[in-house]
Structure formats: structure tokens, C-alpha cells
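To start, the structure under review is shown below, and the notes come after it.
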Amino acid sequence: MIRIAQPDIGEAERDAVMRVLESGQIASGPRVRELEEAFARDVSHTREAIAVSNGTAALHVALLAHDVGPGHEVVTTPFTFQATANMVLAIGARPVFVDVREDGNIDPALVEAAITPRTKALLPVHLYGRLCEMEALCDIARRHNLPIIEDSAQAHGAEVAGKRAGNFGTACFSFYATKNMTSGEGGMVTTDDPQLAARLRRLRSHGESERYSSIEVGFNYRMTDIAAAIGLVQLDRLGEFTEPRRVNAAYLSEKLRGVAVPPEPVEPLGHVWHQYAVRVPDGRRNELIAWLRERGVESAVHYPRILPDHPLYQGLGYDGDAYPVARRLASEVLSLPVHHRLSRADLDQVVDAVNSWAESLEALKQAPAVQS
Ligand SMILES: Cc1ncc(COP(=O)(O)O)c(C=O)c1O
């Protein structure tokens with residue numbers, strides 16, 4: 001079976017973990033600091049990076065560090081992994097959803113109308129690894145004096161006009177096992193603001209200003225040196241993972257028939273292809289999923305429902321009809337394998353499987369009607 005995701009943990013990662021285990025320093029220590037420095041320098045291009053235990057924790061502390069709390073609103077997308085908006089709810093604030101564009105990212109043209117005196121931050125998500133239209137979003141944020149918190153969980157290294165995901169405000173990354181780089185579980189918050197960074201470090205560890213002296217409520221969201229050791233090797237290999245994704249995406253877009261391929265990014269570097277999501281209209285998605293599985297190709301739906309349709313959000317006063325583009329995407333998107341471990345033969349197997357399905361539909365359409 002050609003898998004939709006295949007983490008690549010090699011000898012270098014294993015050696016790095018063994019060295020940590022043998023050092024006796026297995027909790028948060030020098031490897032975590034090294035990973036923070038390397039990530040800020042090589043991935044987000046920010047002054048600061050603060051490692052945490054996962055991407056959800058990153059969102060949690062980022063929102064708190066911007067003093068978002070009860071009575072506040074955060075403008076975000078209804079078409080994302082639920083961690084994004086769930087963390088807004090977790091701190092007692094309200095996610096205000098704005099519909100997306102056909103590429104799946106929040107539509108900047110709709111953001112301004114969603115801003116109220118209660119709005120405390122904008123929380124765009126670089127869905128599937130495609131950078132949002134940040135120039136327009138930054139312009140809105142500036143005019144309304146609002147911070148941007150980027151959910152960059154899927155967008156390690158995405159870049160437009162020389163500016164990286166993670167570099168437009170405060171940003172949250174995930175190193176979950178299937179992400180473009182992993183530490184098993186892990187996350188990172190990035191910022192250029194040293195004061196905010198100090199607060200994020202505090203929130204990560206019990207709100208301590210110094211050892212055994214809490215000045216605010218914080219958590220244990222620390223990353224271990226074991227995870228950081230894996231993350232450091234993966235960071236070194238990030239280009240080796242990302243470039244083939246771009247090549248594979250271009251190949252799929254050229255060869256696939258019968259499904260709508262994802263729009264091209266504005267610049268080639270503007271997308272790191274964490275997911276390659278085609279669109280399958282007319283309610284035929286489940287049919288295609290089964291067809292692919294029979295032909296040895298795994299696929300996945302990111303995501304099958306918009307956030308206001310989750311039971312958690314029902315009864316919270318959202319108008320389910322207000323997000324028509326997101327709703328259509330949720331019913332049509334299908335992620336196909338695009339990761340760096342696919343060979344050309346694997347890609348051809350994916351293409352043949354999709355195209356043979358499209359041809360079978362064509363054949364059905366052209367079959368003469370049965371005489372009654
Ligand atoms: C868009 C998005 N936001 C947040 C998260 C949460 O990250 P994590 O799973 O590391 O907590 C993820 C990943 O799972 C994600 O894809």
C-alpha cells in the first residue's frame with residue numbers, strides 16, 4: 001500500500017537519540033536550546049523560537065501570551081484541523097470564522113467585516129503548507145492594530161517574497177509524526193519580540209520567572225531533549241523532504257485526469273505540499289477512496305467537516321450556511337500521497353489509479369442507455 005504519510009527516521013535520528021539517552025540529560029536541556037536556535041535561523045528566520053511539547057500547546061501559549069481571554073474574539077478559518085479553534089475556546093475566547101478561498105486558505109477580503117471591538121487577534125492557517133495571502137492579512141492587522149498568530153503547523157519553510165511562514169507575527173509549528181519534519185510529538189512558537197519570547201518561555205514552564213517562583217499560571221509544555229535530538233536531524237533534512245514534495249506535486253498536477261488538481265502557488269516556494277488535495281465533485285469521493293485502496297493507494301480527507309459542524313461548536317451560535325466555500329471543500333477534498341519517499345513508480349501507480357477511475361466514469365457516461 002502506498003501510504004499517505006511515511007515518517008523518515010534513519011540512522012542519524014537513532015544515533016542522536018542514543019547520545020541523549022546515554023548523556024543522562026533526557027528532559028529539556030541543551031538539545032532543545034540547539035533546536036530553537038537552528039529553527040529560528042534556518043526555518044522561520046525569526047529572532048526567537050520557543051520549543052514546546054506539541055503544536056496545540058504552541059497555540060495555547062501563543063494566545064495567552066497575547067493576552068487573549070474571556071470576552072475576546074479571534075478571527076480564524078472554519079476549514080482546518082480543530083486544534084486551531086479549540087485552543088481559542090480553551091482560553092475562554094470565541095473563534096469568529098471567516099470563509100476560505102478556493103485554495104483552502106482564509107479569504108482576506110472577508111476578514112475586515114468580521115473584526116469587532118472584541119477582536120484580539122487574527123489566526124490564519126497555512127493550510128496544507130500553502131502560505132496564506134499574508135500581505136493583505138498583515139495590512140488589515142496593521143490598520144486594526146491586531147497581532148497575527150500564524151498557525152504554521154503544516155508550513156515549515158514555506159516562503160513568499162523572501163519571507164517565511166513564522167515570520168509574520170507570532171507563529172505556531174507542529175512536529176507531529178506526519179508533518180514535513182517531526183520530533184515524534186513537538187511544537188515551536190516563533191517571534192521577533194524578545195519580551196513576548198520571555199513570556200512564552202514562562203508559560204511553557206509553570207509561569208516561572210525563576211526556578212520555583214511562579215508569577216502567572218503556566219503549564220508543563222516543555223519539549224524533551226530526546227524529541228529535540230530527532231528534531232535537529234530532521235531540520236537538517238528538511239530540504240531533502242520538501243523539494244521532492246514540490247517535484248511530486250508538479251508531476252501529479254501534470255498527469256492527473258478527472259479530478260480538479262490544487263491551484264498553483266503564487267511562487268513555487270510558497271507551498272511546501274504537506275498535503276496534496278485534489279477535489280472530487282458530485283459526491284463521488286468515497287467511491288474514489290475505495291477504488292484507490294483496491295489499487296494499493298491510501299488517501300485521506302483533510303478535513304471532512306467544517307469546524308462549526310463539530311458537535312463541540314453546535315449550540316455556540318454559528319450560522320452553518322455562512323461558509324459556502326469551506327463547506328464545499330470539506331465535501332470534495334481528497335489528499336493523495338505526495339511525500340518524499342515516493343518513487344516515480346509509486347507516483348505512476350497513484351496517477352494510473354485516479355485516471356482509471358476517471359476513465360471508468362467516462363465509459364459509464366458514454367454507455368448507451370438501456371432500452372425500456
Ligand atoms: C493546522 C494545524 N493546527 C494545529 C495542529 C496541532 O498540532 P499538534 O498535533 O502537534 O498538537 C495541527 C496538527 O496536527 C495542524 O495541522
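Each chain in the C-alpha cells gets a letter, A, B and so on, in the order shown; residues start at 1 in every chain, and ligands are counted from 1 in the order they appear.
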**Study point:** Contacts to ligand 1 at 7 Å cut-off (only C-alpha atoms and all ligand atoms) as a list in words
**Key:** Asn54, Gly55, Thr56, Ala57, Thr80, Phe81, Ala83, Thr84, Val125, Leu127, Asp151, Ser152, Ala153, Gln154, Ser174, Phe175, Tyr176, Glu185, Gly186 and Gly187 of chain A
Report as JSON lines the residues of region 231-323 of chain A within 12 Å of region 104-107 of chain A, each with its shortest atom pair and distance in Å (one decimal), using only C-alpha atoms, ordered by chain and increasing residue number.
```
{"residue": "A:Pro262", "atom": "CA", "partner": "A:Gly104", "partner_atom": "CA", "distance": 9.6}
{"residue": "A:Pro263", "atom": "CA", "partner": "A:Gly104", "partner_atom": "CA", "distance": 9.9}
{"residue": "A:Pro265", "atom": "CA", "partner": "A:Asn105", "partner_atom": "CA", "distance": 11.7}
{"residue": "A:His271", "atom": "CA", "partner": "A:Asn105", "partner_atom": "CA", "distance": 12.0}
{"residue": "A:Gln275", "atom": "CA", "partner": "A:Gly104", "partner_atom": "CA", "distance": 11.6}
{"residue": "A:Tyr276", "atom": "CA", "partner": "A:Gly104", "partner_atom": "CA", "distance": 11.7}
{"residue": "A:Ala277", "atom": "CA", "partner": "A:Gly104", "partner_atom": "CA", "distance": 9.8}
{"residue": "A:Val278", "atom": "CA", "partner": "A:Gly104", "partner_atom": "CA", "distance": 11.3}
{"residue": "A:Arg279", "atom": "CA", "partner": "A:Gly104", "partner_atom": "CA", "distance": 11.3}
{"residue": "A:His302", "atom": "CA", "partner": "A:Gly104", "partner_atom": "CA", "distance": 10.5}
{"residue": "A:Tyr303", "atom": "CA", "partner": "A:Gly104", "partner_atom": "CA", "distance": 10.6}
{"residue": "A:Ile306", "atom": "CA", "partner": "A:Gly104", "partner_atom": "CA", "distance": 11.5}
{"residue": "A:Tyr323", "atom": "CA", "partner": "A:Ile106", "partner_atom": "CA", "distance": 10.7}
```
Could those selected residues go to a file with all heavy atoms, as a tab-separated table (two decimals), in the first residue's frame?
```tsv
chain	number	residue	atom	x	y	z
A	262	PRO	N	-4.88	20.84	-7.22
A	262	PRO	CA	-4.78	22.07	-6.42
A	262	PRO	C	-4.26	23.24	-7.25
A	262	PRO	O	-3.44	23.02	-8.15
A	262	PRO	CB	-3.77	21.72	-5.32
A	262	PRO	CG	-3.40	20.30	-5.50
A	262	PRO	CD	-3.99	19.78	-6.76
A	263	PRO	N	-4.71	24.47	-6.94
A	263	PRO	CA	-4.17	25.63	-7.67
A	263	PRO	C	-2.66	25.75	-7.45
A	263	PRO	O	-2.16	25.38	-6.39
A	263	PRO	CB	-4.90	26.83	-7.05
A	263	PRO	CG	-5.78	26.31	-5.99
A	263	PRO	CD	-5.67	24.84	-5.91
A	265	PRO	N	0.76	27.47	-6.47
A	265	PRO	CA	1.06	28.55	-5.53
A	265	PRO	C	1.52	29.80	-6.26
A	265	PRO	O	1.97	29.71	-7.41
A	265	PRO	CB	2.21	27.97	-4.68
A	265	PRO	CG	2.80	26.89	-5.51
A	265	PRO	CD	1.73	26.36	-6.41
A	271	HIS	N	4.62	27.11	-1.22
A	271	HIS	CA	3.87	25.91	-0.83
A	271	HIS	C	4.88	24.80	-0.53
A	271	HIS	O	5.78	24.54	-1.33
A	271	HIS	CB	2.97	25.50	-2.00
A	271	HIS	CG	1.79	24.66	-1.61
A	271	HIS	ND1	1.83	23.75	-0.57
A	271	HIS	CD2	0.53	24.60	-2.12
A	271	HIS	CE1	0.64	23.17	-0.47
A	271	HIS	NE2	-0.17	23.67	-1.39
A	275	GLN	N	0.19	18.57	2.31
A	275	GLN	CA	-0.83	17.72	1.68
A	275	GLN	C	-1.02	18.14	0.24
A	275	GLN	O	-0.89	19.32	-0.09
A	275	GLN	CB	-2.19	17.82	2.40
A	275	GLN	CG	-2.19	17.45	3.87
A	275	GLN	CD	-1.86	15.99	4.12
A	275	GLN	OE1	-1.77	15.17	3.20
A	275	GLN	NE2	-1.64	15.64	5.38
A	276	TYR	N	-1.35	17.17	-0.59
A	276	TYR	CA	-1.71	17.42	-1.98
A	276	TYR	C	-3.18	17.02	-2.11
A	276	TYR	O	-3.50	15.82	-2.16
A	276	TYR	CB	-0.83	16.59	-2.93
A	276	TYR	CG	-1.15	16.80	-4.39
A	276	TYR	CD1	-0.51	17.78	-5.14
A	276	TYR	CD2	-2.12	16.02	-5.02
A	276	TYR	CE1	-0.81	17.98	-6.47
A	276	TYR	CE2	-2.44	16.20	-6.36
A	276	TYR	CZ	-1.78	17.19	-7.08
A	276	TYR	OH	-2.08	17.38	-8.39
A	277	ALA	N	-4.06	18.03	-2.08
A	277	ALA	CA	-5.50	17.73	-2.02
A	277	ALA	C	-6.18	18.05	-3.35
A	277	ALA	O	-6.22	19.22	-3.76
A	277	ALA	CB	-6.16	18.52	-0.89
A	278	VAL	N	-6.70	17.02	-3.99
A	278	VAL	CA	-7.49	17.22	-5.21
A	278	VAL	C	-8.96	17.39	-4.80
A	278	VAL	O	-9.30	17.22	-3.63
A	278	VAL	CB	-7.36	16.03	-6.19
A	278	VAL	CG1	-5.93	15.88	-6.66
A	278	VAL	CG2	-7.89	14.74	-5.57
A	279	ARG	N	-9.80	17.74	-5.75
A	279	ARG	CA	-11.22	17.86	-5.45
A	279	ARG	C	-12.01	16.87	-6.31
A	279	ARG	O	-11.78	16.75	-7.50
A	279	ARG	CB	-11.69	19.29	-5.68
A	279	ARG	CG	-11.06	20.19	-4.62
A	279	ARG	CD	-11.35	21.61	-4.87
A	279	ARG	NE	-12.78	21.90	-4.78
A	279	ARG	CZ	-13.25	23.14	-4.74
A	279	ARG	NH1	-12.42	24.18	-4.79
A	279	ARG	NH2	-14.54	23.35	-4.67
A	302	HIS	N	-8.73	15.73	4.47
A	302	HIS	CA	-8.37	16.82	5.38
A	302	HIS	C	-9.15	18.07	4.99
A	302	HIS	O	-8.72	18.77	4.11
A	302	HIS	CB	-6.88	17.12	5.31
A	302	HIS	CG	-6.01	15.95	5.58
A	302	HIS	ND1	-5.35	15.26	4.59
A	302	HIS	CD2	-5.69	15.35	6.75
A	302	HIS	CE1	-4.64	14.28	5.13
A	302	HIS	NE2	-4.83	14.31	6.43
A	303	TYR	N	-10.31	18.31	5.51
A	303	TYR	CA	-10.96	17.69	6.64
A	303	TYR	C	-12.40	17.43	6.24
A	303	TYR	O	-12.96	18.21	5.47
A	303	TYR	CB	-10.86	18.61	7.85
A	303	TYR	CG	-9.39	18.81	8.20
A	303	TYR	CD1	-8.67	19.87	7.66
A	303	TYR	CD2	-8.72	17.89	9.00
A	303	TYR	CE1	-7.31	20.03	7.94
A	303	TYR	CE2	-7.37	18.05	9.30
A	303	TYR	CZ	-6.68	19.11	8.75
A	303	TYR	OH	-5.34	19.25	9.00
A	306	ILE	N	-16.47	21.10	8.37
A	306	ILE	CA	-16.00	22.42	8.83
A	306	ILE	C	-16.20	22.50	10.34
A	306	ILE	O	-17.03	21.77	10.91
A	306	ILE	CB	-16.73	23.57	8.09
A	306	ILE	CG1	-18.24	23.54	8.33
A	306	ILE	CG2	-16.41	23.51	6.59
A	306	ILE	CD1	-18.97	24.75	7.77
A	323	TYR	N	-20.41	29.69	5.41
A	323	TYR	CA	-19.06	29.33	4.92
A	323	TYR	C	-19.19	28.41	3.70
A	323	TYR	O	-18.75	27.26	3.74
A	323	TYR	CB	-18.26	28.64	6.04
A	323	TYR	CG	-18.54	29.25	7.40
A	323	TYR	CD1	-19.38	28.60	8.31
A	323	TYR	CD2	-18.00	30.49	7.74
A	323	TYR	CE1	-19.67	29.17	9.55
A	323	TYR	CE2	-18.29	31.07	8.98
A	323	TYR	CZ	-19.12	30.40	9.87
A	323	TYR	OH	-19.41	30.97	11.07
```
Give me the residues near region 346-361 of chain A as a short mmCIF file (atom, residue, chain, number, x, y, z; two decimals) with N, CA and C atoms, in the first residue's frame, where near means some atom within 12 Å (using only C-alpha atoms) and where sequence neighbours in that chain fewer than 6 positions away do not count.
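Full text of out.cif as output:
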```cif
data_model
loop_
_atom_site.label_atom_id
_atom_site.label_comp_id
_atom_site.auth_asym_id
_atom_site.auth_seq_id
_atom_site.Cartn_x
_atom_site.Cartn_y
_atom_site.Cartn_z
N MET A 1 0.85 -1.21 0.00
CA MET A 1 0.00 0.00 0.00
C MET A 1 0.88 1.25 0.00
N ILE A 2 0.60 2.16 -0.89
CA ILE A 2 1.32 3.44 -0.90
C ILE A 2 0.67 4.33 0.16
N ARG A 3 1.46 4.64 1.18
CA ARG A 3 0.90 5.35 2.34
C ARG A 3 0.76 6.85 2.08
N ILE A 4 -0.20 7.47 2.74
CA ILE A 4 -0.44 8.90 2.61
C ILE A 4 0.67 9.70 3.32
N PRO A 244 11.41 17.16 -2.87
CA PRO A 244 10.67 16.12 -3.59
C PRO A 244 9.15 16.30 -3.52
N ARG A 245 8.66 16.87 -2.43
CA ARG A 245 7.21 17.12 -2.36
C ARG A 245 6.80 18.06 -3.49
N VAL A 247 8.37 18.56 -6.36
CA VAL A 247 8.51 17.84 -7.64
C VAL A 247 7.33 16.88 -7.82
N ASN A 248 6.99 16.15 -6.75
CA ASN A 248 5.90 15.17 -6.83
C ASN A 248 4.56 15.86 -7.11
N ALA A 249 4.35 17.01 -6.45
CA ALA A 249 3.09 17.75 -6.65
C ALA A 249 2.98 18.19 -8.11
N ALA A 250 4.09 18.69 -8.67
CA ALA A 250 4.06 19.15 -10.07
C ALA A 250 3.75 17.98 -11.00
N TYR A 251 4.35 16.82 -10.71
CA TYR A 251 4.13 15.63 -11.54
C TYR A 251 2.66 15.21 -11.49
N LEU A 252 2.12 15.16 -10.26
CA LEU A 252 0.71 14.76 -10.13
C LEU A 252 -0.20 15.74 -10.87
N SER A 253 0.06 17.04 -10.70
CA SER A 253 -0.81 18.04 -11.34
C SER A 253 -0.76 17.94 -12.86
N GLU A 254 0.41 17.53 -13.37
CA GLU A 254 0.52 17.40 -14.83
C GLU A 254 -0.23 16.16 -15.33
N LYS A 255 -0.20 15.08 -14.55
CA LYS A 255 -0.68 13.79 -15.07
C LYS A 255 -2.12 13.43 -14.71
N LEU A 256 -2.63 13.99 -13.60
CA LEU A 256 -3.94 13.52 -13.13
C LEU A 256 -5.07 13.99 -14.05
N ARG A 257 -6.05 13.14 -14.23
CA ARG A 257 -7.24 13.47 -15.03
C ARG A 257 -8.50 13.16 -14.20
N GLY A 258 -9.56 13.90 -14.48
CA GLY A 258 -10.86 13.56 -13.89
C GLY A 258 -11.08 14.09 -12.48
N VAL A 259 -10.06 14.72 -11.90
CA VAL A 259 -10.22 15.40 -10.61
C VAL A 259 -9.64 16.80 -10.77
N ALA A 260 -10.07 17.74 -9.93
CA ALA A 260 -9.51 19.10 -10.00
C ALA A 260 -8.24 19.13 -9.16
N VAL A 261 -7.12 19.47 -9.79
CA VAL A 261 -5.85 19.49 -9.06
C VAL A 261 -5.74 20.81 -8.27
N VAL A 278 -6.70 17.02 -3.99
CA VAL A 278 -7.49 17.22 -5.21
C VAL A 278 -8.96 17.39 -4.80
N ARG A 279 -9.80 17.74 -5.75
CA ARG A 279 -11.22 17.86 -5.45
C ARG A 279 -12.01 16.87 -6.31
N VAL A 280 -12.91 16.18 -5.62
CA VAL A 280 -13.71 15.14 -6.28
C VAL A 280 -15.18 15.54 -6.12
N PRO A 281 -15.77 16.12 -7.17
CA PRO A 281 -17.14 16.61 -7.02
C PRO A 281 -18.19 15.51 -7.13
N ASP A 282 -19.44 15.93 -7.08
CA ASP A 282 -20.61 15.08 -7.32
C ASP A 282 -20.75 13.94 -6.30
N ARG A 284 -18.74 11.81 -5.21
CA ARG A 284 -18.11 10.55 -5.61
C ARG A 284 -16.82 10.25 -4.82
N ARG A 285 -16.56 11.04 -3.76
CA ARG A 285 -15.28 10.91 -3.07
C ARG A 285 -15.09 9.52 -2.45
N GLU A 287 -16.34 6.76 -3.27
CA GLU A 287 -16.14 5.79 -4.36
C GLU A 287 -14.66 5.78 -4.77
N LEU A 288 -14.09 6.98 -4.94
CA LEU A 288 -12.69 7.07 -5.36
C LEU A 288 -11.76 6.54 -4.26
N ILE A 289 -12.06 6.84 -3.01
CA ILE A 289 -11.23 6.35 -1.90
C ILE A 289 -11.16 4.81 -1.96
N ALA A 290 -12.32 4.19 -2.15
CA ALA A 290 -12.36 2.72 -2.19
C ALA A 290 -11.62 2.19 -3.42
N TRP A 291 -11.83 2.85 -4.55
CA TRP A 291 -11.17 2.46 -5.82
C TRP A 291 -9.64 2.50 -5.64
N LEU A 292 -9.17 3.59 -5.01
CA LEU A 292 -7.73 3.75 -4.80
C LEU A 292 -7.20 2.67 -3.85
N ARG A 293 -7.94 2.43 -2.79
CA ARG A 293 -7.48 1.44 -1.81
C ARG A 293 -7.32 0.07 -2.49
N GLU A 294 -8.30 -0.27 -3.34
CA GLU A 294 -8.21 -1.57 -4.06
C GLU A 294 -6.99 -1.62 -4.96
N ARG A 295 -6.50 -0.46 -5.36
CA ARG A 295 -5.32 -0.41 -6.25
C ARG A 295 -4.05 -0.03 -5.49
N GLY A 296 -4.09 -0.21 -4.17
CA GLY A 296 -2.88 -0.05 -3.36
C GLY A 296 -2.49 1.37 -3.05
N VAL A 297 -3.46 2.29 -3.09
CA VAL A 297 -3.14 3.71 -2.82
C VAL A 297 -3.98 4.21 -1.65
N GLU A 298 -3.30 4.64 -0.60
CA GLU A 298 -4.01 5.22 0.54
C GLU A 298 -4.30 6.70 0.26
N SER A 299 -5.45 7.17 0.70
CA SER A 299 -5.77 8.59 0.58
C SER A 299 -6.41 9.01 1.90
N LEU A 334 -9.67 15.58 -1.34
CA LEU A 334 -9.09 14.26 -1.07
C LEU A 334 -7.57 14.38 -1.21
N SER A 335 -6.88 14.05 -0.10
CA SER A 335 -5.41 14.14 -0.12
C SER A 335 -4.84 12.85 -0.68
N LEU A 336 -3.91 13.03 -1.64
CA LEU A 336 -3.21 11.89 -2.25
C LEU A 336 -1.77 11.88 -1.77
N PRO A 337 -1.09 10.74 -1.80
CA PRO A 337 0.31 10.69 -1.35
C PRO A 337 1.17 11.64 -2.18
N VAL A 338 2.05 12.41 -1.49
CA VAL A 338 2.92 13.37 -2.19
C VAL A 338 4.31 13.41 -1.54
N HIS A 339 4.51 12.62 -0.47
CA HIS A 339 5.72 12.75 0.37
C HIS A 339 6.99 12.32 -0.36
N HIS A 340 8.13 12.61 0.30
CA HIS A 340 9.43 12.47 -0.37
C HIS A 340 9.85 11.02 -0.59
N ALA A 367 -21.92 4.99 -22.18
CA ALA A 367 -22.60 3.73 -22.45
C ALA A 367 -24.02 4.03 -22.95
#
```
**Study point:** Among the residues A:Ile140, A:Asn86, A:Glu267, A:Phe79, the one that comes closest to Val98 (chain A) [using only C-alpha atoms]
**Key:** A:Phe79
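All residues of region 165-282 of chain A that DSSP, run on the backbone, classes as strand (DSSP E) are A:Thr170, A:Ala171, A:Cys172, A:Phe173, A:Ser174, A:Gly187, A:Met188, A:Val189, A:Thr190, A:Thr191, A:Glu208, A:Ser209, A:Glu210, A:Ser213, A:Ser214, A:Tyr276, A:Ala277, A:Val278, A:Arg279.
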With N, CA, C and O atoms retained, could you export that selection as a compact mmCIF listing (two decimals), in the first residue's frame?
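That gives us selection39.txt:
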```
# COMPACT_ATOMS: atom_id res chain seq x y z
N THR A 170 3.43 36.20 15.53
CA THR A 170 3.76 35.07 16.38
C THR A 170 3.28 33.84 15.63
O THR A 170 2.19 33.88 15.05
N ALA A 171 4.06 32.77 15.60
CA ALA A 171 3.63 31.61 14.80
C ALA A 171 3.80 30.32 15.57
O ALA A 171 4.66 30.19 16.45
N CYS A 172 2.96 29.34 15.21
CA CYS A 172 2.93 28.05 15.89
C CYS A 172 3.19 26.94 14.89
O CYS A 172 2.48 26.84 13.88
N PHE A 173 4.17 26.10 15.18
CA PHE A 173 4.51 24.97 14.32
C PHE A 173 4.24 23.67 15.06
O PHE A 173 4.27 23.63 16.30
N SER A 174 4.04 22.60 14.30
CA SER A 174 3.89 21.26 14.88
C SER A 174 4.95 20.34 14.30
O SER A 174 5.29 20.43 13.12
N GLY A 187 6.46 20.92 19.13
CA GLY A 187 5.97 22.16 18.55
C GLY A 187 6.97 23.28 18.76
O GLY A 187 7.96 23.12 19.48
N MET A 188 6.70 24.41 18.11
CA MET A 188 7.60 25.57 18.22
C MET A 188 6.76 26.83 18.07
O MET A 188 5.85 26.87 17.24
N VAL A 189 7.06 27.83 18.88
CA VAL A 189 6.48 29.16 18.69
C VAL A 189 7.60 30.07 18.24
O VAL A 189 8.71 30.01 18.80
N THR A 190 7.34 30.91 17.24
CA THR A 190 8.38 31.81 16.76
C THR A 190 7.90 33.26 16.83
O THR A 190 6.71 33.54 16.67
N THR A 191 8.84 34.15 17.08
CA THR A 191 8.52 35.58 17.18
C THR A 191 9.81 36.38 17.06
O THR A 191 10.90 35.87 17.32
N GLU A 208 7.01 30.31 35.56
CA GLU A 208 8.15 30.62 36.45
C GLU A 208 9.00 31.74 35.88
O GLU A 208 9.42 31.69 34.72
N SER A 209 9.29 32.73 36.69
CA SER A 209 10.26 33.76 36.29
C SER A 209 11.66 33.28 36.67
O SER A 209 12.64 33.62 36.03
N GLU A 210 11.74 32.52 37.73
CA GLU A 210 12.96 31.79 38.06
C GLU A 210 12.52 30.48 38.71
O GLU A 210 11.34 30.31 39.00
N SER A 213 9.53 29.86 41.34
CA SER A 213 8.90 31.16 41.60
C SER A 213 7.96 31.48 40.44
O SER A 213 8.38 32.02 39.42
N SER A 214 6.66 31.12 40.60
CA SER A 214 5.67 31.35 39.54
C SER A 214 5.13 32.77 39.65
O SER A 214 4.76 33.20 40.75
N TYR A 276 -1.35 17.17 -0.59
CA TYR A 276 -1.71 17.42 -1.98
C TYR A 276 -3.18 17.02 -2.11
O TYR A 276 -3.50 15.82 -2.16
N ALA A 277 -4.06 18.03 -2.08
CA ALA A 277 -5.50 17.73 -2.02
C ALA A 277 -6.18 18.05 -3.35
O ALA A 277 -6.22 19.22 -3.76
N VAL A 278 -6.70 17.02 -3.99
CA VAL A 278 -7.49 17.22 -5.21
C VAL A 278 -8.96 17.39 -4.80
O VAL A 278 -9.30 17.22 -3.63
N ARG A 279 -9.80 17.74 -5.75
CA ARG A 279 -11.22 17.86 -5.45
C ARG A 279 -12.01 16.87 -6.31
O ARG A 279 -11.78 16.75 -7.50
```
